[in-house]
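Peer 1: For reference, the file model.pdb (PDB, C-alpha atoms) is included below:
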ATOM      1  CA  MET A1456       0.000   0.000   0.000
ATOM      2  CA  ASN A1457       1.208   3.502  -0.751
ATOM      3  CA  VAL A1458       1.074   6.509   1.573
ATOM      4  CA  VAL A1459      -2.376   7.613   0.428
ATOM      5  CA  GLU A1460      -3.787   4.161   1.055
ATOM      6  CA  HIS A1461      -2.189   4.013   4.500
ATOM      7  CA  LEU A1462      -3.720   7.419   5.286
ATOM      8  CA  ARG A1463      -7.137   6.281   4.065
ATOM      9  CA  VAL A1464      -6.989   3.208   6.297
ATOM     10  CA  GLU A1465      -5.753   5.235   9.252
ATOM     11  CA  TRP A1466      -8.538   7.785   8.804
ATOM     12  CA  ALA A1467     -11.141   5.001   8.937
ATOM     13  CA  VAL A1468      -9.473   3.456  11.983
ATOM     14  CA  GLN A1469      -9.312   6.763  13.843
ATOM     15  CA  SER A1470     -12.923   7.577  12.953
ATOM     16  CA  TYR A1471     -13.958   4.236  14.388
ATOM     17  CA  GLY A1472     -11.963   4.995  17.534
ATOM     18  CA  PHE A1473     -13.636   8.397  17.830
ATOM     19  CA  TRP A1474     -17.132   6.920  17.739
ATOM     20  CA  LEU A1475     -16.124   4.153  20.138
ATOM     21  CA  ASP A1476     -14.943   6.860  22.509
ATOM     22  CA  LEU A1477     -18.281   8.645  22.246
ATOM     23  CA  ARG A1478     -19.998   5.413  23.214
ATOM     24  CA  GLY A1479     -17.848   5.158  26.320
ATOM     25  CA  ALA A1480     -15.351   2.462  25.306
ATOM     26  CA  SER A1481     -12.277   2.464  27.516
ATOM     27  CA  TRP A1482      -8.935   3.566  26.135
ATOM     28  CA  ARG A1483      -7.606  -0.011  26.267
ATOM     29  CA  ARG A1484     -10.675  -1.410  24.484
ATOM     30  CA  ARG A1485     -10.513   1.272  21.787
ATOM     31  CA  ARG A1486      -6.856   0.549  21.162
ATOM     32  CA  GLU A1487      -7.588  -3.156  20.852
ATOM     33  CA  LEU A1488     -10.488  -2.623  18.418
ATOM     34  CA  ARG A1489      -8.541  -0.078  16.378
ATOM     35  CA  ARG A1490      -5.628  -2.475  16.080
ATOM     36  CA  GLU A1491      -7.916  -5.279  14.920
ATOM     37  CA  LEU A1492      -9.651  -3.056  12.363
ATOM     38  CA  ARG A1493      -6.314  -1.779  11.067
ATOM     39  CA  ALA A1494      -5.027  -5.325  10.519
ATOM     40  CA  ASN A1495      -8.244  -6.352   8.738
ATOM     41  CA  LEU A1496      -8.298  -3.231   6.572
ATOM     42  CA  ARG A1497      -4.675  -3.617   5.544
ATOM     43  CA  GLU A1498      -5.279  -7.174   4.480
ATOM     44  CA  ALA A1499      -8.501  -6.296   2.639
ATOM     45  CA  GLY A1500      -6.710  -3.320   1.086
ATOM     46  CA  ALA A1501      -3.913  -5.545  -0.174
ATOM     47  CA  HIS A1502      -6.507  -7.662  -2.021
ATOM     48  CA  HIS A1503      -9.048  -5.122  -3.262
ATOM     49  CA  GLY A1504      -7.461  -1.710  -2.671
ATOM     50  CA  SER A1505      -7.882   0.449   0.402
ATOM     51  CA  ALA A1506     -10.765   2.473  -1.070
ATOM     52  CA  ALA A1507     -12.902  -0.656  -1.513
ATOM     53  CA  ALA A1508     -11.843  -1.972   1.896
ATOM     54  CA  VAL A1509     -12.853   1.243   3.646
ATOM     55  CA  ARG A1510     -16.084   1.505   1.635
ATOM     56  CA  ALA A1511     -17.089  -2.001   2.750
ATOM     57  CA  LEU A1512     -17.040  -0.834   6.353
ATOM     58  CA  GLY A1513     -19.867   1.618   5.809
ATOM     59  CA  SER A1514     -20.328   4.186   8.545
ATOM     60  CA  PRO A1515     -17.762   4.016  11.395
ATOM     61  CA  ARG A1516     -20.448   5.477  13.641
ATOM     62  CA  ALA A1517     -22.856   2.632  12.840
ATOM     63  CA  MET A1518     -20.065   0.114  13.310
ATOM     64  CA  ALA A1519     -19.239   1.479  16.745
ATOM     65  CA  ALA A1520     -22.926   1.454  17.672
ATOM     66  CA  GLN A1521     -23.197  -2.202  16.686
ATOM     67  CA  ALA A1522     -19.919  -3.198  18.299
ATOM     68  CA  ILE A1523     -20.428  -2.039  21.864
ATOM     69  CA  VAL A1524     -23.208  -1.059  24.212
ATOM     70  CA  ALA A1525     -22.977   2.618  25.117
ATOM     71  CA  ASP A1526     -21.590   3.238  28.605
ATOM     72  CA  PRO A1527     -23.182   6.350  30.145
ATOM     73  CA  THR A1528     -20.714   6.294  33.044
ATOM     74  CA  SER A1529     -17.605   6.925  30.993
ATOM     75  CA  ALA A1530     -16.011  10.267  30.110
ATOM     76  CA  ARG A1531     -15.206  10.876  26.444
ATOM     77  CA  TRP A1532     -11.661  12.172  26.723
ATOM     78  CA  THR A1533     -10.558  11.589  23.128
ATOM     79  CA  ALA A1534     -13.542  13.427  21.680
ATOM     80  CA  GLY A1535     -13.009  16.160  24.280
ATOM     81  CA  ALA A1536      -9.342  16.528  23.356
ATOM     82  CA  GLN A1537     -10.180  16.734  19.650
ATOM     83  CA  ALA A1538     -12.839  19.367  20.269
ATOM     84  CA  ALA A1539     -10.427  21.301  22.483
ATOM     85  CA  LEU A1540      -7.711  21.260  19.816
ATOM     86  CA  ALA A1541     -10.178  22.396  17.161
ATOM     87  CA  ALA A1542     -11.402  25.251  19.377
ATOM     88  CA  LEU A1543      -7.821  26.240  20.188
ATOM     89  CA  ALA A1544      -6.948  26.339  16.500
ATOM     90  CA  VAL A1545      -9.973  28.505  15.679
ATOM     91  CA  VAL A1546      -9.280  31.002  18.483
ATOM     92  CA  VAL A1547      -5.594  31.258  17.603
ATOM     93  CA  LEU A1548      -6.476  31.764  13.937
ATOM     94  CA  VAL A1549      -8.866  34.595  14.834
ATOM     95  CA  GLU A1550      -6.167  36.147  17.049
ATOM     96  CA  VAL A1551      -3.638  35.979  14.237
ATOM     97  CA  LEU A1552      -6.056  37.620  11.817
ATOM     98  CA  ALA A1553      -6.905  40.311  14.374
ATOM     99  CA  SER A1554      -3.177  40.880  14.971
ATOM    100  CA  LEU A1555      -2.598  41.372  11.250
ATOM    101  CA  ALA A1556      -5.360  43.969  11.200
ATOM    102  CA  TRP A1557      -3.755  45.696  14.218
ATOM    103  CA  LEU A1558      -0.388  45.593  12.445
ATOM    104  CA  ASP A1559      -1.876  47.235   9.352
ATOM    105  CA  GLY A1560      -3.277  50.002  11.515
ATOM    106  CA  VAL A1561       0.020  50.568  13.300
ATOM    107  CA  ARG A1562       2.037  50.652  10.079
ATOM    108  CA  ALA A1563      -0.409  53.111   8.560
ATOM    109  CA  THR A1564       0.603  55.615  11.262
ATOM    110  CA  GLU A1565       4.316  55.133  10.364
ATOM    111  CA  PRO A1566       5.532  55.126  13.969
ATOM    112  CA  VAL A1567       9.174  55.958  14.653
ATOM    113  CA  GLY A1568       9.352  53.981  17.891
ATOM    114  CA  GLY A1569       7.931  50.743  19.238
ATOM    115  CA  VAL A1570       4.211  50.305  19.745
ATOM    116  CA  THR A1571       2.456  47.971  22.158
ATOM    117  CA  GLY A1572      -1.191  47.089  22.326
ATOM    118  CA  SER A1573      -3.669  44.345  22.958
ATOM    119  CA  LEU A1574      -6.600  42.694  21.215
ATOM    120  CA  THR A1575      -9.888  43.981  22.606
ATOM    121  CA  LEU A1576     -11.772  40.687  22.698
ATOM    122  CA  PHE A1577      -8.809  38.636  23.878
ATOM    123  CA  PRO A1578      -8.005  39.467  27.495
ATOM    124  CA  GLY A1579      -4.377  38.963  28.456
ATOM    125  CA  SER A1580      -3.170  39.267  24.889
ATOM    126  CA  SER A1581      -0.386  41.660  24.000
ATOM    127  CA  LEU A1582       1.072  42.891  20.739
ATOM    128  CA  THR A1583       4.414  44.541  20.186
ATOM    129  CA  TYR A1584       5.548  46.345  17.058
ATOM    130  CA  GLU A1585       9.132  47.433  16.614
ATOM    131  CA  PRO A1586      10.410  49.283  13.515
ATOM    132  CA  LEU A1587      13.821  48.114  12.306
ATOM    133  CA  ASP A1588      16.324  49.565   9.859
ATOM    134  CA  ARG A1589      14.969  47.287   7.179
ATOM    135  CA  GLY A1590      11.365  46.295   7.910
ATOM    136  CA  PHE A1591       9.876  45.655  11.339
ATOM    137  CA  SER A1592       9.373  43.002  13.990
ATOM    138  CA  MET A1593       6.171  42.001  15.648
ATOM    139  CA  ALA A1594       5.358  39.789  18.623
ATOM    140  CA  LEU A1595       2.015  38.366  19.725
ATOM    141  CA  SER A1596       1.250  36.909  23.121
ATOM    142  CA  PRO A1597      -2.145  35.206  22.731
ATOM    143  CA  GLY A1598      -3.290  35.557  26.342
ATOM    144  CA  TRP A1599      -5.359  33.070  28.276
ATOM    145  CA  LEU A1600      -8.599  33.140  26.296
ATOM    146  CA  ALA A1601      -7.533  30.482  23.784
ATOM    147  CA  LEU A1602      -6.566  28.089  26.564
ATOM    148  CA  ALA A1603      -9.748  28.849  28.484
ATOM    149  CA  VAL A1604     -11.927  28.146  25.439
ATOM    150  CA  ALA A1605     -10.032  24.910  24.798
ATOM    151  CA  LEU A1606     -10.453  23.866  28.432
ATOM    152  CA  VAL A1607     -14.190  24.601  28.352
ATOM    153  CA  MET A1608     -14.566  22.586  25.145
ATOM    154  CA  LEU A1609     -12.618  19.710  26.683
ATOM    155  CA  VAL A1610     -14.897  19.597  29.710
ATOM    156  CA  VAL A1611     -18.152  20.144  27.803
ATOM    157  CA  VAL A1612     -17.447  17.452  25.216
ATOM    158  CA  ALA A1613     -15.658  14.946  27.478
ATOM    159  CA  ARG A1614     -18.381  15.262  30.174
ATOM    160  CA  PRO A1615     -16.211  14.002  33.043
ATOM    161  CA  TRP A1616     -19.170  14.361  35.428
ATOM    162  CA  ARG A1617     -20.671  11.270  33.785
ATOM    163  CA  VAL A1618     -18.227   9.209  35.832
ATOM    164  CA  VAL A1619     -19.877  10.486  39.021
ATOM    165  CA  THR A1620     -23.498  10.896  37.920
ATOM    166  CA  GLY A1621     -23.478   7.592  36.034
ATOM    167  CA  ARG A1622     -22.093   5.794  39.041
ATOM    168  CA  GLY A1623     -24.728   7.423  41.241
ATOM    169  CA  ALA A1624     -27.531   6.448  38.901
ATOM    170  CA  ARG A1625     -26.199   2.908  38.696
ATOM    171  CA  SER A1626     -26.001   2.649  42.495
ATOM    172  CA  ALA A1627     -29.557   3.944  42.767
ATOM    173  CA  ARG A1628     -30.757   1.361  40.274
ATOM    174  CA  VAL A1629     -28.980  -1.440  42.108
ATOM    175  CA  GLY A1630     -30.400  -0.164  45.404
ATOM    176  CA  SER A1631     -33.927  -0.172  44.045
ATOM    177  CA  TYR A1632     -33.653  -3.848  43.136
ATOM    178  CA  VAL A1633     -32.549  -4.893  46.643
TER     179      VAL A1633
ATOM    180  CA  MET B1153     -26.641 -14.824  -7.575
ATOM    181  CA  ALA B1154     -29.777 -13.234  -6.065
ATOM    182  CA  ALA B1155     -29.260 -10.673  -3.309
ATOM    183  CA  HIS B1156     -30.282 -11.727   0.186
ATOM    184  CA  ASP B1157     -32.578  -9.795   2.457
ATOM    185  CA  PRO B1158     -30.270  -7.761   4.751
ATOM    186  CA  GLN B1159     -32.655  -8.047   7.683
ATOM    187  CA  MET B1160     -32.734 -11.840   7.389
ATOM    188  CA  LEU B1161     -28.949 -11.965   7.179
ATOM    189  CA  LYS B1162     -28.633  -9.747  10.225
ATOM    190  CA  GLY B1163     -30.793 -12.188  12.159
ATOM    191  CA  VAL B1164     -28.574 -15.175  11.405
ATOM    192  CA  LEU B1165     -25.189 -13.461  11.332
ATOM    193  CA  ALA B1166     -24.234 -14.508  14.860
ATOM    194  CA  LEU B1167     -25.198 -18.103  14.113
ATOM    195  CA  LEU B1168     -23.152 -18.091  10.906
ATOM    196  CA  LEU B1169     -20.101 -16.667  12.642
ATOM    197  CA  LEU B1170     -20.314 -19.099  15.544
ATOM    198  CA  HIS B1171     -20.538 -21.951  13.056
ATOM    199  CA  LEU B1172     -17.593 -20.778  10.957
ATOM    200  CA  VAL B1173     -15.404 -20.203  14.003
ATOM    201  CA  ALA B1174     -16.406 -23.577  15.443
ATOM    202  CA  GLU B1175     -15.270 -25.158  12.167
ATOM    203  CA  GLN B1176     -11.959 -23.340  12.200
ATOM    204  CA  GLU B1177     -10.427 -20.520  14.232
ATOM    205  CA  ASP B1178     -10.107 -17.446  12.049
ATOM    206  CA  TYR B1179      -9.725 -13.661  12.004
ATOM    207  CA  GLY B1180     -12.159 -10.987  10.876
ATOM    208  CA  TYR B1181     -11.255 -10.472   7.243
ATOM    209  CA  ALA B1182     -10.793 -14.216   6.618
ATOM    210  CA  LEU B1183     -14.277 -14.843   8.026
ATOM    211  CA  VAL B1184     -15.693 -12.233   5.639
ATOM    212  CA  VAL B1185     -13.973 -13.983   2.736
ATOM    213  CA  ARG B1186     -15.331 -17.370   3.845
ATOM    214  CA  LEU B1187     -18.860 -15.933   4.014
ATOM    215  CA  HIS B1188     -18.474 -14.388   0.553
ATOM    216  CA  ASP B1189     -17.092 -17.636  -0.866
ATOM    217  CA  GLN B1190     -20.219 -19.419   0.341
ATOM    218  CA  GLY B1191     -22.513 -17.001  -1.454
ATOM    219  CA  LEU B1192     -23.114 -14.400   1.255
ATOM    220  CA  ALA B1193     -21.498 -11.451  -0.471
ATOM    221  CA  ASP B1194     -24.164  -9.164   1.013
ATOM    222  CA  LEU B1195     -22.520  -9.500   4.423
ATOM    223  CA  THR B1196     -20.009  -6.689   4.559
ATOM    224  CA  GLU B1197     -17.088  -6.048   6.857
ATOM    225  CA  GLY B1198     -19.132  -3.286   8.462
ATOM    226  CA  SER B1199     -21.552  -5.819   9.911
ATOM    227  CA  VAL B1200     -19.220  -8.781  10.471
ATOM    228  CA  TYR B1201     -16.555  -6.995  12.550
ATOM    229  CA  PRO B1202     -18.988  -5.490  15.093
ATOM    230  CA  ALA B1203     -20.791  -8.836  15.338
ATOM    231  CA  LEU B1204     -17.492 -10.539  16.224
ATOM    232  CA  THR B1205     -16.828  -7.867  18.831
ATOM    233  CA  ARG B1206     -20.252  -8.400  20.384
ATOM    234  CA  LEU B1207     -19.890 -12.190  20.416
ATOM    235  CA  GLU B1208     -16.519 -11.871  22.109
ATOM    236  CA  ALA B1209     -17.867  -9.390  24.661
ATOM    237  CA  GLY B1210     -20.706 -11.818  25.340
ATOM    238  CA  GLY B1211     -18.224 -14.583  26.118
ATOM    239  CA  LEU B1212     -19.258 -16.711  23.132
ATOM    240  CA  LEU B1213     -15.924 -16.254  21.351
ATOM    241  CA  SER B1214     -12.388 -16.051  22.661
ATOM    242  CA  SER B1215      -9.525 -14.401  20.845
ATOM    243  CA  ARG B1216      -5.755 -14.444  20.570
ATOM    244  CA  LEU B1217      -3.288 -12.366  18.609
ATOM    245  CA  VAL B1218      -1.175 -14.186  16.049
ATOM    246  CA  ARG B1219       1.779 -12.559  14.346
ATOM    247  CA  SER B1220       1.466 -12.138  10.610
ATOM    248  CA  SER B1221       4.320 -11.959   8.136
ATOM    249  CA  SER B1222       2.285  -9.700   5.838
ATOM    250  CA  GLY B1223       1.251  -6.990   8.313
ATOM    251  CA  PRO B1224      -0.011  -6.328  11.848
ATOM    252  CA  ALA B1225      -0.873  -9.195  14.177
ATOM    253  CA  ARG B1226      -4.202 -10.837  13.402
ATOM    254  CA  LYS B1227      -6.860 -11.412  16.019
ATOM    255  CA  TYR B1228      -8.000 -15.006  15.721
ATOM    256  CA  TYR B1229     -11.352 -15.966  17.183
ATOM    257  CA  GLY B1230     -12.167 -19.328  18.676
ATOM    258  CA  ILE B1231     -15.409 -20.631  20.117
ATOM    259  CA  THR B1232     -15.891 -20.952  23.884
ATOM    260  CA  PRO B1233     -18.027 -23.567  25.706
ATOM    261  CA  PRO B1234     -20.888 -21.042  26.086
ATOM    262  CA  GLY B1235     -20.456 -20.268  22.376
ATOM    263  CA  ASP B1236     -20.753 -23.969  21.578
ATOM    264  CA  ALA B1237     -23.936 -24.176  23.622
ATOM    265  CA  GLU B1238     -25.312 -21.069  21.902
ATOM    266  CA  LEU B1239     -24.435 -22.534  18.506
ATOM    267  CA  ALA B1240     -26.288 -25.761  19.322
ATOM    268  CA  ARG B1241     -29.278 -23.783  20.561
ATOM    269  CA  GLY B1242     -29.178 -21.553  17.470
ATOM    270  CA  LEU B1243     -28.986 -24.510  15.083
ATOM    271  CA  THR B1244     -31.990 -26.136  16.741
ATOM    272  CA  ALA B1245     -33.938 -22.883  16.609
ATOM    273  CA  TRP B1246     -32.961 -22.318  12.986
ATOM    274  CA  GLY B1247     -33.963 -25.858  11.980
ATOM    275  CA  SER B1248     -37.286 -25.481  13.706
ATOM    276  CA  LEU B1249     -37.892 -22.111  12.051
ATOM    277  CA  VAL B1250     -37.019 -23.441   8.599
ATOM    278  CA  ASP B1251     -39.363 -26.415   9.073
ATOM    279  CA  THR B1252     -42.187 -24.169  10.192
ATOM    280  CA  VAL B1253     -41.679 -21.621   7.441
ATOM    281  CA  ASP B1254     -41.417 -24.374   4.815
ATOM    282  CA  ARG B1255     -44.674 -25.860   6.077
ATOM    283  CA  VAL B1256     -46.435 -22.509   5.912
ATOM    284  CA  LEU B1257     -45.048 -21.723   2.469
ATOM    285  CA  ALA B1258     -45.644 -25.175   0.985
ATOM    286  CA  PRO B1259     -47.842 -25.077  -2.129
ATOM    287  CA  ARG B1260     -51.456 -25.842  -1.357
ATOM    288  CA  THR B1261     -52.766 -29.160  -2.587
ATOM    289  CA  PRO B1262     -55.917 -28.954  -4.736
ATOM    290  CA  ALA B1263     -57.936 -30.779  -2.079
ATOM    291  CA  ARG B1264     -57.097 -28.188   0.572
ATOM    292  CA  SER B1265     -57.391 -25.119  -1.578
ATOM    293  CA  ARG B1266     -60.518 -23.033  -1.440
ATOM    294  CA  LEU B1267     -62.849 -23.023  -4.342
TER     295      LEU B1267
END
Take the structure in this file and express it as structure tokens.
Peer 2:
Amino acid sequence: MNVVEHLRVEWAVQSYGFWLDLRGASWRRRRELRRELRANLREAGAHHGSAAAVRALGSPRAMAAQAIVADPTSARWTAGAQAALAALAVVVLVEVLASLAWLDGVRATEPVGGVTGSLTLFPGSSLTYEPLDRGFSMALSPGWLALAVALVMLVVVARPWRVVTGRGARSARVGSYV
Amino acid sequence: MAAHDPQMLKGVLALLLLHLVAEQEDYGYALVVRLHDQGLADLTEGSVYPALTRLEAGGLLSSRLVRSSSGPARKYYGITPPGDAELARGLTAWGSLVDTVDRVLAPRTPARSRL
């Protein structure tokens, strides 16, 4: 298999792992099921091509739903981490774009000395502009907002409270049967 | 070859897998190939792999990793004693169902048919 085919297989394997995580599969179980799927896909890919092998799987979400019973007492850390990384990337991108706009404004004033500032909607951020003999230098400190947004996304998507509330609900159910 | 009803296949998939594994220990993709070779090309990897996972989680199949010279280690499934019992129960139930359905679907004889 070439690189593209390896990537196609890996994408399917990781998608399967993602949906298994959402259904509450443990890290160890996900790793085991991913490894098995990877081995099967590579062998199928060697016979029919990776595109056909991946297509035969259908939806990774449906596969995960059929493979394991959802566990409401498990946190979804992988999905949380992916959501957090995506949120972090978006916030940093917006900050970079806002910084470029700030830089345009500063350069339009043709300052002779250094200029410092901050981004209005990004508390804790700081920007520094320094004119040089040939060109300029600029520094951006993104502040804490990006990390805070990522942390919130991690918690909201991973739902770590399910470990406690799920356990409580399970205990209550067991208690009601006694 | 005529396509099979997916819902019917879904109903007997566990029985088919238990039977194939009882015949010979095998891994996921090889089981798919064996099913296809026997005329069940409608059963895709997307339904066979989760079914194997469920059967293993239910204690009906056991598994072991076997190194492969052509790639990652393969997960071979074998049948457990509860799996054997479930297979026997499933075969009896299937035989009974086939008999009953055949009886219901048998062509009516002229004497029994309504005028």
Peer 1: Could you please select, counting all atoms listed in the file, the residues of chain B within 9 Å of chain A and state them as a list of chain:residue names?
Peer 2: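 Applying the cut-off to the listed atoms yields B:Tyr1179, B:Gly1180, B:Tyr1181, B:Ala1182, B:Thr1196, B:Glu1197, B:Gly1198, B:Ser1199, B:Tyr1201, B:Pro1202, B:Ala1203, B:Leu1204, B:Thr1205, B:Arg1206, B:Ala1209, B:Ser1222, B:Gly1223, B:Pro1224, B:Ala1225, B:Arg1226, B:Lys1227.
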Peer 1: Would you translate the PyMOL selection byres ((chain A and resi 1551) around 12) into the concrete set of residues it matches in this file, as a PyMOL selection string?
Peer 2: chain A and resi 1544-1550+1552-1558+1574+1577+1580-1582+1593-1597+1601
Peer 1: Restricting the output to C-alpha atoms, write the selected residues as a PDB file, in the frame of the given file.
Peer 2:
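Listing of selection-v9.pdb after writing:
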ATOM      1  CA  ALA A1544      -6.948  26.339  16.500  1.00  0.00           C
ATOM      2  CA  VAL A1545      -9.973  28.505  15.679  1.00  0.00           C
ATOM      3  CA  VAL A1546      -9.280  31.002  18.483  1.00  0.00           C
ATOM      4  CA  VAL A1547      -5.594  31.258  17.603  1.00  0.00           C
ATOM      5  CA  LEU A1548      -6.476  31.764  13.937  1.00  0.00           C
ATOM      6  CA  VAL A1549      -8.866  34.595  14.834  1.00  0.00           C
ATOM      7  CA  GLU A1550      -6.167  36.147  17.049  1.00  0.00           C
ATOM      8  CA  LEU A1552      -6.056  37.620  11.817  1.00  0.00           C
ATOM      9  CA  ALA A1553      -6.905  40.311  14.374  1.00  0.00           C
ATOM     10  CA  SER A1554      -3.177  40.880  14.971  1.00  0.00           C
ATOM     11  CA  LEU A1555      -2.598  41.372  11.250  1.00  0.00           C
ATOM     12  CA  ALA A1556      -5.360  43.969  11.200  1.00  0.00           C
ATOM     13  CA  TRP A1557      -3.755  45.696  14.218  1.00  0.00           C
ATOM     14  CA  LEU A1558      -0.388  45.593  12.445  1.00  0.00           C
ATOM     15  CA  LEU A1574      -6.600  42.694  21.215  1.00  0.00           C
ATOM     16  CA  PHE A1577      -8.809  38.636  23.878  1.00  0.00           C
ATOM     17  CA  SER A1580      -3.170  39.267  24.889  1.00  0.00           C
ATOM     18  CA  SER A1581      -0.386  41.660  24.000  1.00  0.00           C
ATOM     19  CA  LEU A1582       1.072  42.891  20.739  1.00  0.00           C
ATOM     20  CA  MET A1593       6.171  42.001  15.648  1.00  0.00           C
ATOM     21  CA  ALA A1594       5.358  39.789  18.623  1.00  0.00           C
ATOM     22  CA  LEU A1595       2.015  38.366  19.725  1.00  0.00           C
ATOM     23  CA  SER A1596       1.250  36.909  23.121  1.00  0.00           C
ATOM     24  CA  PRO A1597      -2.145  35.206  22.731  1.00  0.00           C
ATOM     25  CA  ALA A1601      -7.533  30.482  23.784  1.00  0.00           C
TER      26      ALA A1601
END
Peer 1: Using the chain letters and numbers from this file, what does the PyMOL selection byres ((chain B and resi 1164-1174) around 7) select? Give the answer as a list in words.
Peer 2: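 Given this file, the PyMOL selection byres ((chain B and resi 1164-1174) around 7) evaluates to Met1160, Leu1161, Lys1162, Gly1163, Glu1175, Gln1176, Glu1177, Asp1178, Ala1203, Tyr1229, Gly1230, Ile1231, Gly1235, Leu1239 and Gly1242 of chain B.
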Peer 1: Just give me the gap between CA of Arg1617 (chain A) and CA of Val1604 (chain A) in Å, one decimal is fine.
Peer 2: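 It comes out at 20.8 Å.
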Peer 1: I need the residue set behind the PyMOL selection byres ((chain A and resi 1461-1469) around 7) for this file; please write it as a short mmCIF file (atom, residue, chain, number, x, y, z; two decimals) with C-alpha atoms, in the frame of the given file.
Peer 2:
data_model
loop_
_atom_site.label_atom_id
_atom_site.label_comp_id
_atom_site.auth_asym_id
_atom_site.auth_seq_id
_atom_site.Cartn_x
_atom_site.Cartn_y
_atom_site.Cartn_z
CA MET A 1456 0.00 0.00 0.00
CA ASN A 1457 1.21 3.50 -0.75
CA VAL A 1458 1.07 6.51 1.57
CA VAL A 1459 -2.38 7.61 0.43
CA GLU A 1460 -3.79 4.16 1.06
CA SER A 1470 -12.92 7.58 12.95
CA TYR A 1471 -13.96 4.24 14.39
CA GLY A 1472 -11.96 5.00 17.53
CA PHE A 1473 -13.64 8.40 17.83
CA ARG A 1489 -8.54 -0.08 16.38
CA LEU A 1492 -9.65 -3.06 12.36
CA ARG A 1493 -6.31 -1.78 11.07
CA LEU A 1496 -8.30 -3.23 6.57
CA SER A 1505 -7.88 0.45 0.40
CA VAL A 1509 -12.85 1.24 3.65
#
Peer 1: Report the distance between CA of Ser1592 (chain A) and CA of Thr1575 (chain A) in Å, rounded to one decimal place.
Peer 2: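 Interatomic distance, CA of Ser1592 (chain A) to CA of Thr1575 (chain A): 21.1 Å.
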Peer 1: Please, what distance in Å, to one decimal, runs between CA of Ser1221 (chain B) and CA of Ser1481 (chain A)?
Peer 2: 29.3 Å
Peer 1: Which residue gives the smallest distance to Pro1233 (chain B) among B:Ala1245, B:Leu1187, B:Ala1258, B:Leu1212, with only C-alpha atoms counted?
Peer 2: B:Leu1212
Peer 1: Please fill the gaps in region 1218-1230 of chain B so it has N, CA and C atoms, and write that as a short mmCIF file (atom, residue, chain, number, x, y, z; two decimals), in the coordinates of the input.
Peer 2:
data_model
loop_
_atom_site.label_atom_id
_atom_site.label_comp_id
_atom_site.auth_asym_id
_atom_site.auth_seq_id
_atom_site.Cartn_x
_atom_site.Cartn_y
_atom_site.Cartn_z
N VAL B 1218 -2.17 -13.34 16.72
CA VAL B 1218 -1.18 -14.19 16.05
C VAL B 1218 -0.37 -13.30 15.10
N ARG B 1219 0.92 -13.37 15.22
CA ARG B 1219 1.78 -12.56 14.35
C ARG B 1219 1.56 -12.92 12.89
N SER B 1220 1.63 -11.90 12.04
CA SER B 1220 1.47 -12.14 10.61
C SER B 1220 2.70 -11.63 9.88
N SER B 1221 3.13 -12.38 8.89
CA SER B 1221 4.32 -11.96 8.14
C SER B 1221 3.98 -10.84 7.15
N SER B 1222 2.68 -10.68 6.87
CA SER B 1222 2.28 -9.70 5.84
C SER B 1222 1.75 -8.40 6.42
N GLY B 1223 1.78 -8.23 7.75
CA GLY B 1223 1.25 -6.99 8.31
C GLY B 1223 1.09 -7.10 9.81
N PRO B 1224 0.19 -6.30 10.39
CA PRO B 1224 -0.01 -6.33 11.85
C PRO B 1224 -0.54 -7.69 12.31
N ALA B 1225 -0.40 -7.93 13.62
CA ALA B 1225 -0.87 -9.20 14.18
C ALA B 1225 -2.37 -9.35 13.94
N ARG B 1226 -2.78 -10.57 13.64
CA ARG B 1226 -4.20 -10.84 13.40
C ARG B 1226 -4.86 -11.34 14.68
N LYS B 1227 -6.12 -10.96 14.85
CA LYS B 1227 -6.86 -11.41 16.02
C LYS B 1227 -7.71 -12.62 15.61
N TYR B 1228 -7.28 -13.78 16.06
CA TYR B 1228 -8.00 -15.01 15.72
C TYR B 1228 -9.08 -15.28 16.77
N TYR B 1229 -10.24 -15.64 16.28
CA TYR B 1229 -11.35 -15.97 17.18
C TYR B 1229 -11.53 -17.48 17.26
N GLY B 1230 -11.83 -17.92 18.47
CA GLY B 1230 -12.17 -19.33 18.68
C GLY B 1230 -13.46 -19.40 19.47
#
